[in-house]
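S.K.: Starting off with a structure, shown below.
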Amino acid sequence: MRFPVARRPNDPWPAAVGSVGRDRALARVRRRLGMVAALVAAPLAAADEPQRWLGASSCASVGCHAAAEAGHAPWQSALTTWITRDPHAAAARALEGALAERIVAAIALRDGAPQPPATSHHACIACHAPAPAAWARDGVSCEQCHGPAGEWVVAHTLPGWKTPGNAAGMVDLADPATCARTCTPCHVGAPPRSDGATFEVSHDLVAAGHPRLAFELRSFKQGQPPHWRDRVALAAAGTIPADSVDPLGEWATGRVVALEAYLDQVARQAGAGAGPEGVAGTWPELAAFDCYGCHRQALSVVDRGQPVAPSRGRVRLQPAAWALLAETVPGAAPELLQLRDGIERDWWRAPDARRVRGAVETLATATRLSGDAAATRGLAERAVAATDAATWDEAVVALSLLEALLDHQRARGAPAERTAAAAAALVDVRRVLAFESTGTGAARVRANSPRGHDPSAVRGALAAAAARLAELGN
Ligand code: HEC
Ligand code: HEC
Ligand code: HEC
Ligand code: HEC
């Protein structure tokens with residue numbers, strides 16, 4: 001069956017806004033954001049009633065973050081990048097399309113009751129329109145990731161400001177664990193908000209056409225058009241010290257935080273936290289399982305129907321969450337894999353939520369892969385050998401590790417002529433993995449679903465890439 005696909009509305013800006021068009025462009029940003037001009041001049045006017053949320057408009061000055069992209073540093077054009085190219089700026093508008101309507105209709109059918117529209121539905125707004133009502137149509141904007149700006153918007157423009165941890169509430173997104181914890185509520189799941197709005201994309205929602213969720217920190221950061229400095233490139237150029245950048249540590253931290261969020265969600269689905277914490281007792285929640293354990297054809301929003309998975313005859317938990325665990329947290333992997341195998345064996349029975357939560361604690365304190373020499377020796381080949389290429393999700397996780405390894409080499413100054421063969425081999429892996437693309441606008445690629453899957457081609461491409469990386473002497 002085919003579902004209608006939500007078409008992204010035309011971008012409000014042309015792709016390149018030169019400095020000539022800047023004023024006009026800024027005026028359009030202001031109109032788009034429904035900006036109250038006074039807000040920029042006096043963001044903290046109501047001092048006795050601290051305004052924690054200011055809205056994206058308060059970042060929208062040409063001298064701050066709304067410069068044109070050409071000729072400016074990424075931080076100067078952050079808002080321009082976000083509003084023209086970042087899917088988060090369209091997150092609220094996604095609730096206005098035909099696909100959203102279809103998803104809510106499926107909820108109505110399930111619950112047998114009339115439902116509010118998606119734009120105000122408690123099952124949608126926490127992730128798609130989380131800002132206070134005045135800015136809800138901004139979608140996922142600056143403050144959702146960087147923290148409510150009321151207390152730091154002035155301070156962060158003063159000389160001497162550096163992101164001092166979480167001082168004044170600005171979130172330190174350069175720290176991988178903090179960054180991953182910022183993304184996972186919306187990209188994996190989280191307990192409901194105090195007003196009852198939920199962070200869960202259940203099988204009911206994906207069966208109605210919602211894209212499934214599968215999160216990997218580094219590829220999702222790359223999937224957002226970056227509005228930040230490329231630290232790997234800076235380290236490669238010697239601008240910042242090589243050892244201040246650890247792509248492998250970032251990869252491992254992203255894996256761990258995503259698995260923690262996944263397990264936490266499983267514990268809730270298994271019945272923990274009934275009551276205010278919500279979603280209790282929906283086990284087996286099929287979204288926690290390997291989609292292609294049951295489905296044999298591509299399930300992506302756009303490119304449905306291609307054969308994807310060989311017959312397996314076994315229900316497994318999401319490989320996207322579990323793949324390469326032994327490479328990620330070598331010490332803790334056996335205990336965690338035992339838990340996983342136990343859940344899979346009796347998959348129709350709700351797992352013991354306390355054991356699942358215990359695993360979250362084990363993970364949080366486990367020693368992770370980092371970029372030190374002992375850990376990286378032979379890593380590419382070990383990882384590929386541990387990957388079941390017949391499982392698309394596992395192959396995607398392996399790709400993300402190989403990409404981190406290549407960045408590890410680059411950051412440590414391996415010259416482009418030495419890394420070129422490995423880089424080309426990784427492009428090849430991407431090609432055979434057949435990521436879904438929406439085919440609209442700026443060739444957006446979805447990192448979570450395949451258009452099709454040819455296991456032997458994927459196996460060959462991964463092995464070739466691992467061999468090229470090994471030549472670099474990890
Ligand atoms: C847990 C957070 C979360 C919840 C809850 C959620 N979504 Fe989403 N939604 C996402 C994410 C993340 C994506 C993008 C997924 C991807 O492509 O990897 C998305 C994508 C979509 C898309 C496709 C947008 C596009 O541009 O292709 C639509 C439509 C959508 N959601 C509608 C809804 C509706 C309607 C609801 C409520 C019934 C809802 N979502 C609930 C997180 C959520
Ligand atoms: C979906 C999350 C998200 C949203 C929305 C978002 N950012 Fe960011 N931003 C990030 C991440 C992640 C980083 C840091 C990445 C890193 O340092 O590795 C970042 C970094 C930055 C930086 C630092 C750049 C640098 O080179 O150090 C600035 C400035 C910034 N963002 C401004 C904004 C503004 C302004 C908006 C709204 C228009 C915005 N961001 C929206 C995630 C987000
Ligand atoms: C244990 C088996 C099982 C797992 C695991 C599972 N599904 Fe399903 N899925 C079903 C069944 C049975 C139906 C038909 C009934 C329904 O709609 O719930 C279905 C229906 C669907 C449909 C609508 C029908 C279609 O083929 O277009 C989609 C889309 C879908 N599932 C996607 C997913 C995704 C994405 C995942 C992984 C996050 C997943 N499923 C995991 C069993 C499963
Ligand atoms: C408040 C919820 C929220 C947070 C926080 C959030 N996202 Fe998203 N993200 C979404 C939604 C909703 C979408 C889908 C938007 C659409 O397509 O309309 C999305 C889409 C994306 C996409 C595009 C996915 C695709 O397949 O097209 C990427 C990449 C992404 N997010 C990365 C990140 C990263 C990295 C972070 C953390 C730094 C992050 N997001 C934080 C809600 C969120």
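Residues in the structure tokens are named by chain (A, B, ... in the order shown) and by number from 1 within that chain; ligands are numbered from 1 in the order shown.
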What's around A:Pro176 at 7 Å? Count only C-alpha atoms, leave out sequence neighbours fewer than 3 positions away in its own chain, and write the answer as a list in words.

M.R.: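 Listed by chain and then number, they are Leu173, Cys179, Ala180, Glu250, Thr253 and Gly254 of chain A.
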
S.K.: Write the selection just made, keeping C-alpha atoms, as a PDB file, in the first residue's frame?

M.R.:
ATOM      1  CA  LEU A 173      26.458  20.928  22.275  1.00  0.00           C
ATOM      2  CA  CYS A 179      24.598  16.783  22.290  1.00  0.00           C
ATOM      3  CA  ALA A 180      23.304  13.221  21.970  1.00  0.00           C
ATOM      4  CA  GLU A 250      32.004  10.874  19.665  1.00  0.00           C
ATOM      5  CA  THR A 253      29.179   8.163  22.998  1.00  0.00           C
ATOM      6  CA  GLY A 254      26.436   8.658  20.427  1.00  0.00           C
TER       7      GLY A 254
END

S.K.: Counting only C-alpha atoms and all ligand atoms, what are the residues, protein, DNA or RNA alike, that approach ligand 2 to within 9 Å? I want them as a count of residues only.

M.R.: 49

S.K.: Residues within 6 Å of ligand 3 (only C-alpha atoms and all ligand atoms), as a PyMOL selection string?

M.R.: chain A and resi 1+203+206-207+209+212+286-287+289-291+293-294+299

S.K.: Restricting it to N, CA and C atoms, dump the selection as a PDB file, in the first residue's frame.

M.R.:
ATOM      1  N   MET A   1       0.843  -1.201   0.000  1.00  0.00           N
ATOM      2  CA  MET A   1       0.000   0.000   0.000  1.00  0.00           C
ATOM      3  C   MET A   1       0.878   1.250   0.000  1.00  0.00           C
ATOM      4  N   HIS A 203       4.614   1.660  16.712  1.00  0.00           N
ATOM      5  CA  HIS A 203       4.328   0.944  15.462  1.00  0.00           C
ATOM      6  C   HIS A 203       3.020   1.421  14.842  1.00  0.00           C
ATOM      7  N   VAL A 206       4.099   4.333  12.732  1.00  0.00           N
ATOM      8  CA  VAL A 206       4.848   3.979  11.510  1.00  0.00           C
ATOM      9  C   VAL A 206       3.962   3.195  10.550  1.00  0.00           C
ATOM     10  N   ALA A 207       3.043   2.395  11.075  1.00  0.00           N
ATOM     11  CA  ALA A 207       2.153   1.659  10.173  1.00  0.00           C
ATOM     12  C   ALA A 207       1.254   2.628   9.406  1.00  0.00           C
ATOM     13  N   GLY A 209       2.348   5.468   8.364  1.00  0.00           N
ATOM     14  CA  GLY A 209       3.181   6.185   7.404  1.00  0.00           C
ATOM     15  C   GLY A 209       4.239   7.083   8.011  1.00  0.00           C
ATOM     16  N   ARG A 212      10.153   5.713  10.477  1.00  0.00           N
ATOM     17  CA  ARG A 212      10.569   5.113  11.734  1.00  0.00           C
ATOM     18  C   ARG A 212      11.763   5.886  12.287  1.00  0.00           C
ATOM     19  N   LEU A 286       5.939  -3.051  18.786  1.00  0.00           N
ATOM     20  CA  LEU A 286       6.716  -3.552  17.651  1.00  0.00           C
ATOM     21  C   LEU A 286       7.801  -2.585  17.186  1.00  0.00           C
ATOM     22  N   ALA A 287       7.659  -1.302  17.511  1.00  0.00           N
ATOM     23  CA  ALA A 287       8.686  -0.343  17.095  1.00  0.00           C
ATOM     24  C   ALA A 287      10.017  -0.606  17.800  1.00  0.00           C
ATOM     25  N   PHE A 289      11.354  -3.449  17.899  1.00  0.00           N
ATOM     26  CA  PHE A 289      11.910  -4.633  17.248  1.00  0.00           C
ATOM     27  C   PHE A 289      12.443  -4.319  15.856  1.00  0.00           C
ATOM     28  N   ASP A 290      13.150  -5.307  15.313  1.00  0.00           N
ATOM     29  CA  ASP A 290      13.703  -5.205  13.968  1.00  0.00           C
ATOM     30  C   ASP A 290      12.565  -5.192  12.946  1.00  0.00           C
ATOM     31  N   CYS A 291      12.379  -4.045  12.290  1.00  0.00           N
ATOM     32  CA  CYS A 291      11.282  -3.923  11.323  1.00  0.00           C
ATOM     33  C   CYS A 291      11.360  -5.030  10.284  1.00  0.00           C
ATOM     34  N   GLY A 293      12.638  -7.884  10.524  1.00  0.00           N
ATOM     35  CA  GLY A 293      12.440  -9.235  10.999  1.00  0.00           C
ATOM     36  C   GLY A 293      11.052  -9.709  10.579  1.00  0.00           C
ATOM     37  N   CYS A 294      10.085  -8.781  10.506  1.00  0.00           N
ATOM     38  CA  CYS A 294       8.724  -9.146  10.110  1.00  0.00           C
ATOM     39  C   CYS A 294       8.421  -8.738   8.672  1.00  0.00           C
ATOM     40  N   LEU A 299      10.160  -0.072   3.867  1.00  0.00           N
ATOM     41  CA  LEU A 299       9.042   0.556   4.557  1.00  0.00           C
ATOM     42  C   LEU A 299       9.164   2.069   4.549  1.00  0.00           C
TER      43      LEU A 299
END

S.K.: Quick one: residues within 12 Å of A:Pro330, only C-alpha atoms counted, chain neighbours fewer than 3 positions away excluded, as an MDAnalysis selection string?

M.R.: chainID A and resid 252 256 324:327 333:337 362:363 366:370 375

S.K.: Which one of A:Ala242, A:Val257, A:Ala350, A:Ala149 sits closest to ligand 4 if you count only C-alpha atoms and all ligand atoms?

M.R.: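 Selected residue with least distance to ligand 4: A:Val257.
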
S.K.: Just want the residues within 8 Å of ligand 1, written as a PyMOL selection string, counting only C-alpha atoms and all ligand atoms.

M.R.: chain A and resi 5-8+87+90-91+94-104+107+118-119+121-128+185-190+198-201+205+209-215+301+438+446-448

S.K.: If we count only C-alpha atoms, what is near stretch 381-383 of chain A at a cut-off of 10 Å, once residues fewer than 5 positions away on the same chain are taken out, given as a list in words?

M.R.: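 That gives Ala323, Leu324, Leu325, Ala326, Glu327, Thr328, Thr376, Ala395, Val397, Ala398, Leu399, Leu401, Leu402, Leu462, Ala463, Ala464, Ala465, Ala466, Ala467, Arg468, Leu469 and Ala470 of chain A.
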
S.K.: May I ask which of the residues A:Asp388, A:Asp393, A:Glu285, A:Glu216 is the closest one to ligand 4, counting only C-alpha atoms and all ligand atoms?

M.R.: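 For ligand 4, the nearest of the given residues is A:Glu216.
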
S.K.: Would you please work out which residue, of A:Ala385, A:Arg255, A:Arg345, A:Trp135, is nearest to A:Ser219 when using only C-alpha atoms?

M.R.: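 Result for the nearest residue to A:Ser219: A:Arg255.
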
S.K.: Rounded to one decimal, what separation in Å do you get between atom CA of A:Pro241 and atom CA of A:Trp152?

M.R.: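 Computing the Euclidean distance for atom CA of A:Pro241 and atom CA of A:Trp152 yields 28.5 Å.
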
S.K.: Counting only C-alpha atoms, which residue out of A:Ala421, A:Leu259, A:Ala389, A:Val458 sits closest to A:Val360?

M.R.: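 Smallest separation from A:Val360 among the options: A:Leu259.
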
S.K.: So which one's closest to ligand 4, A:Asp346, A:Glu403, A:Asp264, A:Glu436? Using only C-alpha atoms and all ligand atoms, please.

M.R.: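 Checking each candidate against ligand 4, we get A:Glu436 as the closest.
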
S.K.: Between A:Gln269, A:Ser202, A:Thr184, A:Gln115, which has the minimum distance to ligand 4 (counting only C-alpha atoms and all ligand atoms)?

M.R.: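 Selected residue with least distance to ligand 4: A:Thr184.
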